[in-house]
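**Student:** Dropping in start29.txt, with compact mmCIF, C-alpha atoms.
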```txt
# COMPACT_ATOMS: atom_id res chain seq x y z
CA MET A 1 100.62 97.91 84.59
CA PRO A 2 103.64 97.37 86.84
CA LEU A 3 106.31 100.07 86.82
CA ALA A 4 109.19 97.74 87.69
CA VAL A 5 109.44 93.96 87.82
CA GLN A 6 111.84 91.40 89.24
CA ARG A 7 111.09 87.83 88.17
CA LEU A 8 112.12 85.03 90.53
CA SER A 9 111.32 81.38 90.97
CA LYS A 10 109.40 80.23 94.04
CA ALA A 11 112.49 78.24 95.03
CA GLY A 12 114.41 81.56 95.26
CA LEU A 13 112.21 82.86 98.09
CA PRO A 14 112.65 84.47 100.52
CA THR A 15 114.95 87.09 99.05
CA LEU A 16 115.82 90.77 99.20
CA ILE A 17 115.08 92.80 96.06
CA THR A 18 115.99 96.39 95.27
CA LEU A 19 113.78 97.84 92.54
CA ASP A 20 115.39 100.48 90.34
CA GLU A 21 115.00 102.23 86.98
CA SER A 22 116.68 99.36 85.09
CA MET A 23 113.66 97.18 85.89
CA ALA A 24 111.11 99.52 84.26
CA MET A 25 108.43 97.79 82.21
CA MET A 26 108.02 100.77 79.85
CA GLN A 27 110.63 103.35 78.89
CA GLY A 28 109.80 106.71 80.47
CA MET A 29 107.47 105.13 83.06
CA GLY A 30 109.89 104.09 85.77
CA LEU A 31 109.96 104.62 89.50
CA ALA A 32 111.54 108.07 89.09
CA ASN A 33 108.29 109.32 87.49
CA PHE A 34 106.18 108.73 90.62
CA ASP A 35 106.21 109.96 94.22
CA THR A 36 104.09 107.14 95.65
CA VAL A 37 103.96 103.46 94.71
CA GLN A 38 102.66 100.16 96.04
CA VAL A 39 104.80 97.01 96.06
CA VAL A 40 103.13 93.76 95.03
CA ALA A 41 104.76 90.35 95.49
CA ARG A 42 103.02 87.59 93.59
CA ILE A 43 103.39 83.88 92.97
CA SER A 44 101.84 83.50 89.55
CA ALA A 45 100.52 80.27 88.08
CA SER A 46 100.72 81.77 84.57
CA GLY A 47 104.10 83.45 84.97
CA ILE A 48 102.84 86.90 83.92
CA ALA A 49 103.01 90.09 86.01
CA ASN A 50 99.25 90.73 86.14
CA ALA A 51 97.13 88.84 88.68
CA GLY A 52 95.23 85.79 87.55
CA PRO A 53 93.27 82.87 88.98
CA ASP A 54 95.23 80.63 91.37
CA ASP A 55 97.83 83.35 92.05
CA TYR A 56 98.92 84.31 95.55
CA GLN A 57 100.06 87.80 96.47
CA ALA A 58 100.98 90.30 99.15
CA LEU A 59 100.50 94.07 98.90
CA SER A 60 102.33 96.88 100.65
CA GLY A 61 100.67 100.07 101.71
CA PRO A 62 101.51 103.31 99.89
CA ILE A 63 105.26 103.95 99.75
CA ASP A 64 106.47 107.55 99.53
CA LEU A 65 109.47 107.53 97.18
CA THR A 66 110.37 111.11 98.13
CA GLN A 67 111.44 109.80 101.57
CA LYS A 68 114.05 107.25 102.61
CA THR A 69 112.29 103.89 102.89
CA ASP A 70 113.25 100.99 105.12
CA VAL A 71 113.06 97.38 103.96
CA ILE A 72 109.49 96.37 103.10
CA LYS A 73 108.63 92.82 104.16
CA LEU A 74 105.84 91.03 102.34
CA HIS A 75 104.49 87.55 103.11
CA ILE A 76 102.80 85.95 100.08
CA GLU A 77 99.92 84.01 101.60
CA LYS A 78 96.61 85.39 100.31
CA GLN A 79 95.03 84.00 97.18
CA VAL A 80 93.91 86.54 94.60
CA LYS A 81 90.11 86.75 94.62
CA ASP A 82 89.41 89.64 92.23
CA PHE A 83 91.47 90.34 89.14
```
Is it possible to give me this structure as structure tokens?

**Tutor:**
Amino acid sequence: MPLAVQRLSKAGLPTLITLDESMAMMQGMGLANFDTVQVVARISASGIANAGPDDYQALSGPIDLTQKTDVIKLHIEKQVKDF
């Protein structure tokens, strides 16, 4: 389950997003509760946050939230194979 989500339209890409606690999917399970996360950018055919057939996505490596992090650039170009 995603910790934080920002919904955009494909027409709004590329863009710069800053994820924060206000974007938490579940109360008490936000970014502040974890030291390491992975960022996923997805173009979803169904419009839901979880991966599905015909979706495209890009994944970051592990991101240490205890350290200052530079901008993370993701290029959405790989089709989801396993979900």

**Student:** Fewer than 6 positions away in the same chain doesn't count, so skip those; otherwise give me all residues within 6 Å of stretch 50-58 of chain A, counting only C-alpha atoms, as an NGL selection string.

**Tutor:** :A and (40-44 or 74-76 or 78-80 or 83)

**Student:** So the first atom is atom CA of A:Ile63 and the second is atom CA of A:Thr36; what is the distance between them in Å, to one decimal place?

**Tutor:**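 Pair atom CA of A:Ile63 / atom CA of A:Thr36 returns 5.3 Å.
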
**Student:** Can you pull out every residue within 12 Å of A:Lys73, counting all atoms listed in the file, but drop anything in the same chain fewer than 3 positions away, and send it as a PyMOL selection string?

**Tutor:** chain A and resi 14-17+39-41+58-61+69-70+76

**Student:** Using only C-alpha atoms, which residue out of A:Gln38, A:Ser46, A:Gln6, A:Gln67 lies closest to A:Leu19?

**Tutor:**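 Checking each candidate against A:Leu19, we get A:Gln6 as the closest.
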
**Student:** Between A:Leu65, A:Ala4, A:Ile72, A:Ile48, which is the closest to A:Gly28 once you count only C-alpha atoms?

**Tutor:**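 Among A:Leu65, A:Ala4, A:Ile72, A:Ile48, it is A:Ala4 that comes nearest to A:Gly28.
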
**Student:** Would you mind putting back N, CA, C and O atoms on stretch 68-80 of chain A, then writing it out as a CSV table (one decimal), in the frame of the given file?

**Tutor:**
```csv
chain,number,residue,atom,x,y,z
A,68,LYS,N,113.3,108.5,102.5
A,68,LYS,CA,114.0,107.2,102.6
A,68,LYS,C,113.1,106.2,103.1
A,68,LYS,O,112.3,106.4,104.0
A,69,THR,N,113.2,105.0,102.5
A,69,THR,CA,112.3,103.9,102.9
A,69,THR,C,113.1,102.7,103.4
A,69,THR,O,114.1,102.3,102.9
A,70,ASP,N,112.6,102.2,104.6
A,70,ASP,CA,113.2,101.0,105.1
A,70,ASP,C,112.9,99.8,104.3
A,70,ASP,O,112.1,99.9,103.4
A,71,VAL,N,113.4,98.6,104.6
A,71,VAL,CA,113.1,97.4,104.0
A,71,VAL,C,111.6,97.1,104.1
A,71,VAL,O,111.0,97.3,105.2
A,72,ILE,N,110.9,96.7,103.1
A,72,ILE,CA,109.5,96.4,103.1
A,72,ILE,C,109.4,94.9,103.1
A,72,ILE,O,109.9,94.2,102.1
A,73,LYS,N,108.8,94.3,104.1
A,73,LYS,CA,108.6,92.8,104.2
A,73,LYS,C,107.2,92.4,103.8
A,73,LYS,O,106.3,92.9,104.3
A,74,LEU,N,107.1,91.5,102.8
A,74,LEU,CA,105.8,91.0,102.3
A,74,LEU,C,105.8,89.5,102.5
A,74,LEU,O,106.8,88.8,102.1
A,75,HIS,N,104.7,89.0,103.0
A,75,HIS,CA,104.5,87.6,103.1
A,75,HIS,C,103.4,87.2,102.1
A,75,HIS,O,102.2,87.6,102.3
A,76,ILE,N,103.8,86.3,101.1
A,76,ILE,CA,102.8,86.0,100.1
A,76,ILE,C,102.0,84.8,100.6
A,76,ILE,O,102.5,83.7,100.7
A,77,GLU,N,100.7,85.1,101.0
A,77,GLU,CA,99.9,84.0,101.6
A,77,GLU,C,98.4,84.1,101.3
A,77,GLU,O,97.7,83.2,101.5
A,78,LYS,N,98.0,85.2,100.6
A,78,LYS,CA,96.6,85.4,100.3
A,78,LYS,C,96.4,85.1,98.8
A,78,LYS,O,97.1,85.7,98.0
A,79,GLN,N,95.4,84.3,98.6
A,79,GLN,CA,95.0,84.0,97.2
A,79,GLN,C,94.3,85.2,96.6
A,79,GLN,O,93.4,85.8,97.2
A,80,VAL,N,94.6,85.5,95.3
A,80,VAL,CA,93.9,86.5,94.6
A,80,VAL,C,92.5,86.2,94.4
A,80,VAL,O,92.2,85.1,93.9
```
